[in-house]
Amino acid sequence: MNEGLSVLAIIVGIAHSGIRLATPYLYAAIGETFSQRSGVLNLGVEGIMLMGAYSGFFVVFKTGNLFLGVLAAALTGILMGLAMAFISVTLQAEQGISGIGLFMFGLGASSLLFKTTLGTVEGVKGFPELHLCLPSGYCLSDFPVLGEIFLGHSLMVYGAFALVPVSWWILNKTTWGLKIRAVGQNPQAADTLGVSVAAVRYITISIGGMLAGIAGASLSISLLNIFQENMTNGQGFIAVALVYFGSWTPFGVLAGAMLFSLINALQLWVQVLGLNIPSDVAVMLPYLLTIIVLAFPFRRALQPAALTKPFERGEN
Amino acid sequence: MTKSKKLLPSGLPRIESIEMRGIVKRFPGVLANDHVDFSVYAGEIHALLGENGAGKSTLMKILYGLYQPEEGQVFLNGRPIEIKSPTDSIAHGIGMIHQHFMLVDNLTVTENVALGLKSSREPRLDLGRVRARILELIDKYGLQLDPDATISDLAVGEQQRVEIIKALYRGAALLVLDEPTAVLTPQEVADLFVIFRQMAKDGHALIFISHKLHEIIDLTDRVTVLRDGRVIGTRQTAEVTKGDLATMMVGRDVLFERVRPTAERGETRLTLKNVTAFDSKRGHRVLKNVSFQIHGGEIVGVAGVSGNGQRQLAEVIAGLWPVSEGKVTIEGQDVTNLPPANMIEAGLSYIPEERMHDGAVKEFSVAENLILQDHIRPPYSKGIFLDFKYIADHARRMIKDFSIKTPGQDTLIKNLSGGNIQKLILARELARRPRVLIAAQPTRGVDIGATEYIHNQLLLQRAEGLATLLISEDLDEVRALSDRIIVMFGGEVMGIVNNDDTTVEELGLMMAGEKRLAVSAAGQALHKKPVAP
């Protein structure tokens, strides 16, 4: 079967889906990059994504306004980020455990809220795919290969990719980015130069939360246009792994996100094409890759030195 | 207001005077500063001297805005000022060079200087402008430095210059120098003092914190001594001797000279032959071809700037760091890469440099910490049961014999002072009648009294025939106790010299990696035969 599909068409199809599927990874992992570069490991990304997915979906369902939906997801994410910041920065709790708590909260709360407020809703009309079409009726997204791969995605997808250079610029070219990098590497040094370690971390964790919320919304009102219990299915945790994979740099995260989403797209196409590979094995691939990637110890040398360590003034 | 306001070479105004009056600071259970008065003037280097815990750091952290005092007031040029945070103190022209450098090691010199400053084109960084100003300061103050170097690539002395530049860039007129010489070679110290003297001449005010008395005599104009949080006195440095200062600091007369009587050198106890070791995490070599022997009745000192393989050397011998090549022998028995238990069995005792981390269990009592290795064998245990009565008796004996100051043998050791914890570890290790002792930084952070005690114990053990490897970053300590001295640089032995035949200059050159002496195959000193590195 499927002899009608040329190899080229399959490759184009995989690449197109790969770009689409990278969207939630990018938002979540870029956000987590900010948080980790300042020294805070937020394992609650998955939970924030679920809450973002729910709140975005809910607002779009009630108002039909997509941008209000994104805003709702972003605000939800910021609130959860602030909660994480309060626990890990102000109360100096163990970061790994508080992140897991945040995840469990998001998992439970999003499904409870969905059941009580919406319950049976099937789907919403999410972000449309953008097709630039000429008056003649020819659409640029039909342009062979390049157009087919890179065009015809929704605004949420382009937003995720635009985030990569922007966050690189913030981290490396602004005074604020320098503060983030310094706080993650040697908070004592930053403190003695009058940089508020707590303020920097509150802001980066909030940004991380905001982007994780948007990552969730990218699933519920752009890629899938539905909400389901636990719909993120581990993508938030993979996003955390991607930050390690990308050596704490936005472009590294981009490379990792693309690798993962392409493998994901590949396994979807394997299923579509009905190739003689058990689908369970195909579904397993991204997770297997996560484990392999994280097993490389050399990457730890690039890790922010103060990652997971609460800061207390006067301690050496 | 004087009309001709004098400026510093950096182009910024001087601080004519800083006065701290009646400063009181309490911590739970401790009165860290008890109505302390302290002042410093433009053009002056004022030493702040005291033992660990005397309150020097607390006083300076108050001046820098890291702590808030309960009572007292700081005056700048006669006017009272508020210092709520480092931002305030920096704005007043106060700069601090911390003992542990406050540098972000994966950033460049320029980035470290720019950190926390407003840029001329917010929010974008303006590193070009910062770099130009750094070059200007480097030129005016004669500090050699590459503004584009990454901190982790710089030597310790260079990192210190980055700290000075950082303070000057922020307009520091007063510099607080917290033990700035602790990690430097003698030559680097000399260079640094030239810079400090010039800065004072140019109108800077400098506060120099140290417990090295000869440096204070050498460098400073005035000296204030703190003890138990109180000012014991302020003197003109020219009018006091080392002995006066030590007496003020400790409250009794102190003996500086360690008597090292000639001892019979015994048989070979510890041999390292061509030992090489790696740091697998960072993937580089930490020990390269290290060979030496230690005999009974001998103290061999290991000198070197921190981080040149000394820690790994100790851990290799203690069985805590894997040997890649070469051989470690204790009394003829090959113990290479054997687990620590076998090392202990072979007669090794080890005083680790991180006493709270590797040397003792914080949450355990004095008695429990005294039997960490030997609790499994008689007389401390019978079968599978501990003999608590014997353990308590043993602890009381040790407390008495080693004059450990503790409320009792059941006190948790986290409540003891550093010096007493170190005495406890020494008691435990010596009570086992070892054949070989590795003492790593045995008196770091320990007060003069306990240091004197520990030194005398080490010399006593030497007289009784113990073979001791003394690893210390304090060159004075190595000089005072050792029969022979091994100098390490970059994980290599630069030379092995007889203590009585060498000079501080020679040791300093070897510590800096600029001189290498031939060492015989057996790891003995072939003195005064330098070879090209």
# chains A, B, ... in the order shown; residues from 1 in each chain; ligands from 1
>>> interface_residues(of="chain A", to="chain B", cutoff="7 Å", atoms="only C-alpha atoms", output="list of chain:residue names")
A:Lys173, A:Thr174, A:Thr175, A:Leu178, A:Lys179, A:Ala182, A:Gln185, A:Asn186, A:Gln188, A:Ala189, A:Thr192, A:Leu193, A:Gly194, A:Val195
>>> select_by_dssp(residues="stretch 121-160 of chain A", states="alpha helix (DSSP H)", output="ChimeraX atom specification")
/A:146-150,155-160
>>> residues_around(residues="A:Ser154", least_positions_apart="4", cutoff="7 Å", atoms="only C-alpha atoms", output="list in words")
Phe127, Pro128, Glu129, Leu130 and Tyr158 of chain A
>>> write_last_selection(atoms="C-alpha atoms", output="compact mmCIF listing (two decimals), in the first residue's frame")
# COMPACT_ATOMS: atom_id res chain seq x y z
CA PHE A 127 -4.97 29.04 15.09
CA PRO A 128 -5.37 28.70 11.33
CA GLU A 129 -2.57 27.66 9.05
CA LEU A 130 -1.17 30.64 7.20
CA TYR A 158 6.44 30.75 13.81
>>> residues_around(residues="stretch 294-311 of chain B", least_positions_apart="6", cutoff="7 Å", atoms="only C-alpha atoms", output="VMD selection string")
chain B and resid 183 to 185 263 to 271 286 to 287 462 to 473 475 478 481 to 491 511
>>> atom_distance(atom1="atom CA of B:Val225", atom2="atom CA of A:Arg313")
26.3 Å
>>> atom_distance(atom1="atom CA of B:Ala190", atom2="atom CA of B:Leu59")
26.9 Å
>>> residues_around(residues="B:Ile45", least_positions_apart="6", cutoff="10 Å", atoms="only C-alpha atoms", output="PyMOL selection string")
chain B and resi 174-176+196-197+199-201+204-208+216+219-223
>>> residues_around(residues="B:Gly508", least_positions_apart="6", cutoff="9 Å", atoms="only C-alpha atoms", output="CSV table (one decimal) with C-alpha atoms, in the first residue's frame")
chain,number,residue,atom,x,y,z
B,185,THR,CA,53.1,32.5,45.7
B,186,PRO,CA,55.7,34.6,47.6
B,187,GLN,CA,56.6,36.5,44.4
B,188,GLU,CA,53.0,37.2,43.6
B,304,GLY,CA,52.2,24.5,46.1
B,514,GLU,CA,59.2,28.5,36.6
B,515,LYS,CA,61.9,26.3,38.1
>>> residues_around(residues="stretch 320-332 of chain B", least_positions_apart="4", cutoff="8 Å", atoms="only C-alpha atoms", output="NGL selection string")
:B and (268-278 or 289 or 312 or 315-316 or 336-337 or 339-340 or 346-347 or 436)
>>> atom_distance(atom1="atom CA of B:Asp37", atom2="atom CA of B:Leu213")
21.5 Å
>>> select_by_dssp(residues="stretch 177-234 of chain B", states="strand (DSSP E or B)", output="list in words")
Leu177, Asp178, Ala205, Leu206, Ile207, Phe208, Ile209, Ser210, Arg222, Val223, Thr224, Val225, Leu226, Arg227, Arg230, Val231, Ile232, Gly233 and Thr234 of chain B
>>> closest_residue(among="A:Pro24, A:Gly101, A:Pro250, A:Gly18", to="A:Ala83", atoms="only C-alpha atoms")
A:Gly101
